[in-house]
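I have placed the structure first, in the form of structure tokens, so that the comments after it can refer back to it.
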Amino acid sequence: MEKDGLELEITELRLGLPGRDVAKKRGFTEMIMTSSGSNSDQCESGVVSSGGEVEKVNDAPAAKSQVVGWPPVCSYRRKNSSKEASKTKVGLGYVKVSMDGVPYLRKMDLGSSQGYDDLAFALDKLFGFRGIGVALKDGDNCEYVTIYEDKDGDWMLAGDVPWGMFIESCKRLRIMKRSDATGFGLQPRGVDE
Amino acid sequence: MNYFPDEVIEHVFDSIDSHRDRNSISLVCKSWHKIERCSRRTVFIGNCYAINPERLIGRFPCLRSLTLKGKPHFADFNLVPHEWGGFVHPWIDALARARVGLEELRLKRMVVSDESLELLSRSFVNFKSLVLVSCDGFTTDGLASIAANCRHLRELDLQENEIDDHRGQWLNCFPDTCTTLTLLNFACLKGETNLAALERLVARSPNLKSLKLNRAVPLDALTRLMSCAPQLVDLGVGSYENEPDPESFVKLMAAIKKCTSLRSLSGFLEVAPRCLPAFYPICQNLISLNLSYAAEIQGNHLIKLIQLCKRLQRLWILDSIGDKGLEVVATTCKELQELRVFPSDLHGEEDYNAAVTEVGLVAISAGCPKLHSILYFCKQMTNAALITVAQNCPNFIRFRLAILEPNKPDHLTSQSLDEGFGAIVQACKGLKRLSVSGLLTDKFFLYIGMYGEKLEMLSIAFAGDTDKGMLYVLNGCKKMRKLEIRDSPFGDAALLTDVGKYKTMRSLWMSSCEVTLGGCKRLAQNAPWLNVEIINENENNRNGEDEREKVDKLYLYRTVVGTRKDAPPYVRIL
């Protein structure tokens, strides 16, 4: 396995910190020192977590490196510690909704809608304005577009992804005038996995 | 030889609750074994794969209460893949078919499905208590079955489970005739709650002592709930978010004042700290306070609250309390027995000035003479501090210290923390559970082996130099039951030196250590009464036979029922 040369070793996904030698176990600090001492700006290594996701190891100082399962806080607590929860706030369903031209924000529970049609109806009710529903269903013909901020902080056009995926990632909604939308910096369709 | 009729002996045995004592009794003679097993009501199974349901039922046909634990402890930290095992369904199925009169089921780290819950709810007429801790695999539909079908339900306790919330009407499924609830904890549910159904349920449950709400229960609902349940002893506040108008605040305060039996407070999952004064009147009665999910309660709000809790025995808090806050705890909470300080910033976002250090720990040890259990996440530690703590508090039973940065030495002397932790183990003769962190050499393990006479559970990470370390522990700690090690340089020599030792232990976990496939195979050959599991998520090398290959995750445990049949492909049982 080690015969293919250095490059292949770097890209191979393994459990353990970057630079971990199969033959020799090094202490934690030694590993971090070598990886941050070297030209680590260019190379990224993956640390495979048990969930199958790849977590990138920070090239920042040792203290901030993310080691799987350390500090030993149980995963339920990690997901529900308030900062994390308020960052993503998924599951509860309450998101802020703003509409251009309306001076105050509203809050609505995404979870109480069953799909985009429901959402359209709920938004109409919320703002007492019947155009929003049309915006969601028949995007191109309407004065307004409905966009949402996702977990990564990007603004996306509502309606592209399956409903389940949408409510998992939607942090807030905004109903904006189509004329303002051009040049706003929406992510093009098909970007997220 | 029995000098008494069986009924008398059984009557004597009835007063013995501890399962360990009961196990001992059953070893005395055949006759006692038989009497004991037929009268045993409560069984605790620490590893669900150590035995199977059929043998359990065969031995204890009159079982009423069963506790089962599934995944190994390190599963909490994402070190065990999702589908590893720990399925409860075969147990419920077997108990149902054997018509066992099950009344209580307590599960920890097990996979529970809606089908299992449905089967449970329909199979046991007298079912009274369901406690699920850190489980997953089910939804609120399963809860609906329990609510609907368990006519005599007293306790439904959901602690930190991953539950898919279908936002359905599970609370509505409790029939109007259900009035027996004593405990209802649904704090971990993430979705909307049918408030009207909840209020009706609480109103018709006069024996309800413990109620823990989820985020979706707002302040006005809380007021109504507390008004119709002034008998509450244990309350988990859900959302405390929106600042109420003065009139609502007065109503809330009045409702809280009536709850003179309230002893335990938790939750505050979303908080507007200015509402906390509503709880001031009952603080003097509190013996347990869990604010570990209430990140918004900080600074003066937090201090003011704690200063009123003079009778506190148990405190779970975030490290945003700071050393100064812990000093307040030390001067106020003289009855404190258990303290847990959790990290508030897990993502390295802030500079971490708010975190706690050795200063806070020393203050607590000096101020709280009754302290016996601690879990402490901190950013730094010193030997001097640990030695002081050991002198102040020789009564620790559980001592868990997690320094946020792995391998960190004494921050004043840059030495290892061997002496500090050694002092803890030496002074605390009754120490049963220990978790360590920071820079530690083989010497620390020598101390454990020398002084850890009562030690039953030990968690090691990034520690030690050679196999000797692990050997000190295996040789010295006669009472060791659960040993879990990660990222430490222990290999085959340590693993194989005393195979018989594993007969006296529940389990051993080793991940990212130096053990090889060959070593594990040899162990499995010499110990057929062990299940030696190799967990390897790397698809490329799953069935490789290179014996020098390092094993990423090893989990071994004693069992009387051989290899389990429900392991996923990435688990290889030797």
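For the structure tokens, the naming scheme is as follows: chains receive sequential letters (A, B, ...) according to their order of presentation, residues are indexed from 1 within each chain, and ligands are indexed from 1 in presentation order.
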
Could you list, with a cut-off of 6 Å and counting only C-alpha atoms, the residues of chain B near chain A, each shown with its nearest atom pair and the distance in Å rounded to one decimal, rows sorted by chain and ascending number, as JSON lines?
{"residue": "B:Asp76", "atom": "CA", "partner": "A:Cys74", "partner_atom": "CA", "distance": 4.6}
{"residue": "B:Phe77", "atom": "CA", "partner": "A:Gly69", "partner_atom": "CA", "distance": 4.5}
{"residue": "B:Asn78", "atom": "CA", "partner": "A:Ser50", "partner_atom": "CA", "distance": 5.7}
{"residue": "B:Leu79", "atom": "CA", "partner": "A:Ser50", "partner_atom": "CA", "distance": 5.7}
{"residue": "B:Pro81", "atom": "CA", "partner": "A:Ser50", "partner_atom": "CA", "distance": 4.9}
{"residue": "B:Lys190", "atom": "CA", "partner": "A:Leu92", "partner_atom": "CA", "distance": 5.3}
{"residue": "B:Gly191", "atom": "CA", "partner": "A:Leu92", "partner_atom": "CA", "distance": 4.9}
{"residue": "B:Tyr293", "atom": "CA", "partner": "A:Ser81", "partner_atom": "CA", "distance": 5.8}
{"residue": "B:Ala295", "atom": "CA", "partner": "A:Ser82", "partner_atom": "CA", "distance": 5.7}
{"residue": "B:Gly348", "atom": "CA", "partner": "A:Lys64", "partner_atom": "CA", "distance": 5.7}
{"residue": "B:Leu404", "atom": "CA", "partner": "A:Pro71", "partner_atom": "CA", "distance": 5.6}
{"residue": "B:Glu405", "atom": "CA", "partner": "A:Ala63", "partner_atom": "CA", "distance": 5.6}

Query raised in the report: With distances taken over only C-alpha atoms, which of B:Leu195, B:Leu201, B:Ala278, B:Ile403 is nearest to Val217 (chain B)?
Result: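 Among the listed residues, the smallest separation from Val217 (chain B) belongs to B:Leu195.
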
Report task. Determine which residues of region 64-127 of chain B DSSP labels as strand (DSSP E) from the backbone of this structure, then write them out as a list in words. Result -> Ser65, Leu66, Thr67, Leu68, Lys69, Glu104, Leu105, Arg106, Leu107 and Lys108 of chain B

Report summary line: Taken to one decimal, the CA of Glu338 (chain B)-CA of Lys443 (chain B) distance is 28.7 Å
